[in-house]
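Visitor: model.csv is reproduced below (CSV, C-alpha atoms and all ligand atoms).
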chain,number,residue,atom,x,y,z
A,7,MET,CA,-109.9,-192.0,195.0
A,8,LYS,CA,-108.8,-189.2,192.6
A,9,HIS,CA,-110.1,-185.7,192.0
A,10,CYS,CA,-110.0,-183.0,189.4
A,11,PRO,CA,-107.5,-180.3,190.3
A,12,ASN,CA,-108.7,-177.8,187.7
A,13,LEU,CA,-110.2,-174.8,189.5
A,14,ASP,CA,-111.8,-173.8,186.2
A,15,CYS,CA,-113.5,-177.2,185.7
A,16,HIS,CA,-117.0,-176.5,184.5
A,17,GLY,CA,-118.3,-179.3,186.7
A,18,LEU,CA,-116.9,-177.3,189.6
A,19,ALA,CA,-118.1,-174.0,188.2
A,20,LYS,CA,-121.7,-175.3,187.9
A,21,PHE,CA,-122.1,-177.2,191.1
A,22,LYS,CA,-119.3,-175.8,193.4
A,23,ILE,CA,-118.3,-179.5,194.0
A,24,VAL,CA,-114.9,-180.8,193.1
A,25,SER,CA,-115.4,-183.9,191.0
A,26,GLU,CA,-114.1,-187.2,192.4
A,27,PHE,CA,-113.2,-190.3,190.4
A,28,ASN,CA,-112.2,-193.8,191.2
A,29,ASP,CA,-108.6,-194.9,190.8
A,30,THR,CA,-109.1,-196.3,187.2
A,31,ALA,CA,-110.0,-192.9,185.9
A,32,LYS,CA,-107.2,-190.8,184.4
A,33,ILE,CA,-108.8,-187.6,183.2
A,34,CYS,CA,-111.7,-185.5,184.4
A,35,SER,CA,-114.9,-186.3,182.5
A,36,ASP,CA,-115.9,-182.6,182.7
A,37,CYS,CA,-112.7,-180.9,181.5
A,38,GLN,CA,-110.3,-183.6,180.5
A,39,THR,CA,-107.7,-182.4,183.0
A,40,PRO,CA,-105.4,-185.2,184.3
A,41,LEU,CA,-106.6,-186.3,187.7
A,42,VAL,CA,-104.5,-186.1,190.9
A,43,ASP,CA,-104.6,-188.7,193.7
A,44,GLY,CA,-106.6,-188.3,196.9
A,45,PRO,CA,-110.1,-187.3,197.7
A,46,ALA,CA,-111.3,-183.9,196.7
A,47,PRO,CA,-110.8,-181.0,199.2
A,48,ARG,CA,-114.0,-179.9,200.7
A,49,PRO,CA,-114.9,-177.3,203.2
A,50,ASN,CA,-116.8,-179.7,205.4
A,51,GLU,CA,-114.7,-182.7,206.2
A,52,LEU,CA,-117.4,-184.2,208.5
A,53,GLY,CA,-119.9,-185.0,205.9
A,54,GLY,CA,-118.0,-187.4,203.8
A,55,ARG,CA,-120.2,-186.6,200.8
A,56,PRO,CA,-119.8,-183.6,198.6
A,57,GLN,CA,-122.3,-181.0,199.7
A,58,PRO,CA,-124.3,-179.1,197.1
A,59,ASP,CA,-124.0,-175.4,197.2
A,60,PRO,CA,-126.8,-174.1,199.4
A,61,ASP,CA,-127.1,-171.2,196.9
A,62,ILE,CA,-128.3,-173.5,194.2
A,63,GLU,CA,-132.1,-173.5,194.2
A,64,LEU,CA,-133.3,-177.1,194.1
A,65,VAL,CA,-136.8,-177.8,192.8
A,66,PRO,CA,-138.7,-181.0,193.5
A,67,ILE,CA,-140.0,-182.2,190.1
A,68,LEU,CA,-141.5,-185.5,190.9
A,69,VAL,CA,-141.7,-188.4,193.4
A,70,ALA,CA,-140.7,-191.9,192.3
A,71,ARG,CA,-143.1,-194.4,193.5
A,72,ASP,CA,-140.7,-197.3,193.6
A,73,GLN,CA,-137.2,-198.4,192.6
A,74,ALA,CA,-138.3,-199.4,189.1
A,75,GLN,CA,-139.6,-196.0,188.4
A,76,LEU,CA,-136.6,-194.4,190.0
A,77,ILE,CA,-134.3,-196.3,187.6
A,78,LEU,CA,-136.4,-195.0,184.6
A,79,ILE,CA,-136.1,-191.5,186.0
A,80,GLU,CA,-132.3,-191.9,186.5
A,81,GLU,CA,-131.9,-193.1,182.9
A,82,ALA,CA,-134.0,-190.3,181.4
A,83,LEU,CA,-132.1,-187.6,183.4
A,84,ASP,CA,-128.7,-189.2,182.5
A,85,MET,CA,-129.6,-189.3,178.8
A,86,ALA,CA,-130.6,-185.6,179.0
A,87,GLU,CA,-127.4,-184.9,181.0
A,88,ILE,CA,-129.4,-183.2,183.7
A,89,PRO,CA,-127.9,-183.3,187.2
A,90,TYR,CA,-130.3,-184.3,189.9
A,91,MET,CA,-130.6,-185.3,193.5
A,92,ALA,CA,-132.9,-187.7,195.2
A,93,LYS,CA,-134.2,-187.8,198.7
A,94,GLY,CA,-136.3,-190.6,200.2
A,95,GLU,CA,-137.6,-191.8,203.5
A,96,GLN,CA,-134.8,-194.2,203.8
A,97,ILE,CA,-132.2,-191.8,202.4
A,98,GLN,CA,-131.4,-189.3,205.1
A,99,ASP,CA,-128.7,-187.4,203.2
A,100,LEU,CA,-129.2,-185.8,199.9
A,101,PHE,CA,-127.2,-187.4,197.3
A,102,GLY,CA,-124.5,-185.3,195.6
A,103,PHE,CA,-125.1,-184.3,192.1
A,104,GLY,CA,-124.3,-187.0,189.5
A,105,ARG,CA,-125.2,-190.5,189.0
A,106,LEU,CA,-127.5,-191.8,191.7
A,107,THR,CA,-126.2,-194.9,193.4
A,108,ILE,CA,-128.7,-197.0,195.2
A,109,VAL,CA,-126.9,-199.1,197.8
A,110,ASN,CA,-129.9,-200.3,199.7
A,111,PRO,CA,-133.2,-201.2,198.3
A,112,ILE,CA,-135.6,-198.3,198.3
A,113,THR,CA,-139.1,-199.1,199.6
A,114,GLY,CA,-140.5,-195.7,200.1
A,115,PRO,CA,-141.2,-192.8,197.7
A,116,VAL,CA,-138.1,-190.9,196.6
A,117,GLU,CA,-138.3,-187.2,195.7
A,118,ILE,CA,-136.3,-186.1,192.7
A,119,TYR,CA,-134.8,-182.6,192.7
A,120,VAL,CA,-133.1,-180.6,189.9
A,121,THR,CA,-131.7,-177.1,189.9
A,122,SER,CA,-134.3,-174.4,189.1
A,123,THR,CA,-132.6,-173.7,185.7
A,124,ASP,CA,-133.0,-177.4,184.7
A,125,VAL,CA,-136.7,-177.7,185.6
A,126,ASP,CA,-138.1,-177.3,182.1
A,127,ALA,CA,-135.5,-179.6,180.5
A,128,ALA,CA,-136.1,-182.2,183.3
A,129,ARG,CA,-139.9,-182.1,182.8
A,130,GLN,CA,-139.4,-182.6,179.1
A,131,ALA,CA,-137.0,-185.5,179.7
A,132,LEU,CA,-139.4,-187.1,182.1
A,133,ALA,CA,-142.6,-186.4,180.2
A,134,GLU,CA,-143.2,-190.0,179.3
A,135,ILE,CA,-142.6,-191.2,182.8
A,136,LEU,CA,-144.9,-188.5,184.2
A,137,ASP,CA,-147.8,-189.5,182.0
A,201,ZN,ZN,-112.5,-181.2,185.8
Spell out the structure here as structure tokens.
Ligand SMILES: [Zn+2]
Guide:
Amino acid sequence: MKHCPNLDCHGLAKFKIVSEFNDTAKICSDCQTPLVDGPAPRPNELGGRPQPDPDIELVPILVARDQAQLILIEEALDMAEIPYMAKGEQIQDLFGFGRLTIVNPITGPVEIYVTSTDVDAARQALAEILD
């Protein structure tokens, strides 16, 4: 585990989360700062996941019916570089911002959230899926 030590990192500025990377990464993908070893410091050590800033207003934009649709949504949002979170019946914790990693098969609907400032861009990116 490595993390970005740059306090001016724009990933950090936008989401108030220090970016973490696996050991093969050498520079921060957000700011190109060389990474340092160890997990990112976080205020809440209990969670184990980076917690989104509660001040960020999250807006649910759609509900994925199944995992196939969820993958389409993930691809569309990744292409548009829109950060998002997903919450489903079988996912108790909100995912951190960034790429959604499905460890267990999802059987129930998954609600997709973006920040209030990204709603329009996200709706555009997902227009084909929403039709
Ligand atoms: Zn950075």
Visitor: Check the smallest atom-to-atom distance from each of A:Cys10, A:Glu134, A:Asp124, A:Val24 to Ile67 (chain A) using only C-alpha atoms, then report the winner.
Guide: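 The answer is A:Asp124, which sits nearest to Ile67 (chain A).
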Visitor: Which is closer to ligand ZN 201 (chain A) than all the others in A:Cys37, A:Ala19, A:Ala46, A:Val65, using only C-alpha atoms and all ligand atoms?
Guide: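 The answer is A:Cys37, which sits nearest to ligand ZN 201 (chain A).
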Visitor: Give as a PyMOL selection string the set of residues within 8 Å of the point (-131.4, -171.9, 188.1), where distances use the file's coordinates and all atoms listed in the file.
Guide: chain A and resi 62-63+121-124
Visitor: Measuring atom to atom with only C-alpha atoms, identify which of A:Asn12, A:Ala131, A:Glu87, A:Glu117 is nearest to Leu64 (chain A).
Guide: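 Checking each of A:Asn12, A:Ala131, A:Glu87, A:Glu117 against Leu64 (chain A), counting only C-alpha atoms, the winner is A:Glu117.
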Visitor: Using only C-alpha atoms and all ligand atoms, which protein or nucleic acid residues are at most 12 Å from ligand ZN 201 (chain A), as a count of residues only?
Guide: 33
Visitor: Which of these, A:Thr30, A:Val69, A:Ala128, A:Pro45, has the shortest distance to Ala82 (chain A) once you count only C-alpha atoms?
Guide: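 Counting only C-alpha atoms, the residue closest to Ala82 (chain A) is A:Ala128.
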Visitor: To one decimal place, how far is CA of Ile135 (chain A) from CA of Pro66 (chain A) in Å?
Guide: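 Between these atoms lies a distance of 15.3 Å.
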Visitor: State, in Å with one decimal place, the distance from CA of Tyr119 (chain A) to CA of Met91 (chain A).
Guide: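 One can read the CA of Tyr119 (chain A) to CA of Met91 (chain A) distance as 5.1 Å.
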Visitor: Between A:Met7, A:Val120, A:Ala86, A:Leu78, which one has atoms that come closest to Pro47 (chain A), using all atoms listed in the file?
Guide: A:Met7
Visitor: Just the number, please: distance in Å from CA of Val116 (chain A) to CA of Ile88 (chain A), one decimal.
Guide: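 Distance between the two atoms: 17.4 Å.
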Visitor: Please provide as an MDAnalysis selection string all residues within 12 Å of Ile118 (chain A), with the sequence filter that same-chain residues fewer than 4 positions apart are discarded (counting only C-alpha atoms).
Guide: chainID A and resid 64:71 75:77 79:80 83 88:94 97 100:101 103 106 125 128:129 132
Visitor: I need region 11-39 of chain A from the structure I supplied, saved as an mmCIF file, in the first residue's frame with C-alpha atoms retained.
Guide:
data_model
loop_
_atom_site.group_PDB
_atom_site.id
_atom_site.type_symbol
_atom_site.label_atom_id
_atom_site.label_comp_id
_atom_site.auth_asym_id
_atom_site.auth_seq_id
_atom_site.Cartn_x
_atom_site.Cartn_y
_atom_site.Cartn_z
ATOM 1 C CA PRO A 11 1.757 12.696 0.351
ATOM 2 C CA ASN A 12 0.881 15.864 -1.576
ATOM 3 C CA LEU A 13 -1.475 17.983 0.528
ATOM 4 C CA ASP A 14 -2.258 20.045 -2.580
ATOM 5 C CA CYS A 15 -3.196 16.948 -4.584
ATOM 6 C CA HIS A 16 -6.330 17.810 -6.529
ATOM 7 C CA GLY A 17 -7.760 14.366 -5.830
ATOM 8 C CA LEU A 18 -7.473 15.237 -2.145
ATOM 9 C CA ALA A 19 -8.779 18.757 -2.668
ATOM 10 C CA LYS A 20 -11.872 17.535 -4.460
ATOM 11 C CA PHE A 21 -12.841 14.608 -2.268
ATOM 12 C CA LYS A 22 -10.988 15.183 0.998
ATOM 13 C CA ILE A 23 -9.602 11.659 0.677
ATOM 14 C CA VAL A 24 -5.912 10.855 0.439
ATOM 15 C CA SER A 25 -5.448 8.655 -2.619
ATOM 16 C CA GLU A 26 -4.089 5.161 -2.000
ATOM 17 C CA PHE A 27 -2.270 3.010 -4.530
ATOM 18 C CA ASN A 28 -0.959 -0.506 -4.702
ATOM 19 C CA ASP A 29 2.755 -1.203 -4.340
ATOM 20 C CA THR A 30 3.428 -1.248 -8.081
ATOM 21 C CA ALA A 31 2.396 2.390 -8.486
ATOM 22 C CA LYS A 32 5.172 4.969 -8.303
ATOM 23 C CA ILE A 33 3.449 8.295 -8.823
ATOM 24 C CA CYS A 34 0.047 9.708 -7.922
ATOM 25 C CA SER A 35 -2.367 9.489 -10.845
ATOM 26 C CA ASP A 36 -3.941 12.780 -9.775
ATOM 27 C CA CYS A 37 -0.872 14.990 -9.293
ATOM 28 C CA GLN A 38 2.166 12.928 -10.395
ATOM 29 C CA THR A 39 3.760 13.282 -6.951
#
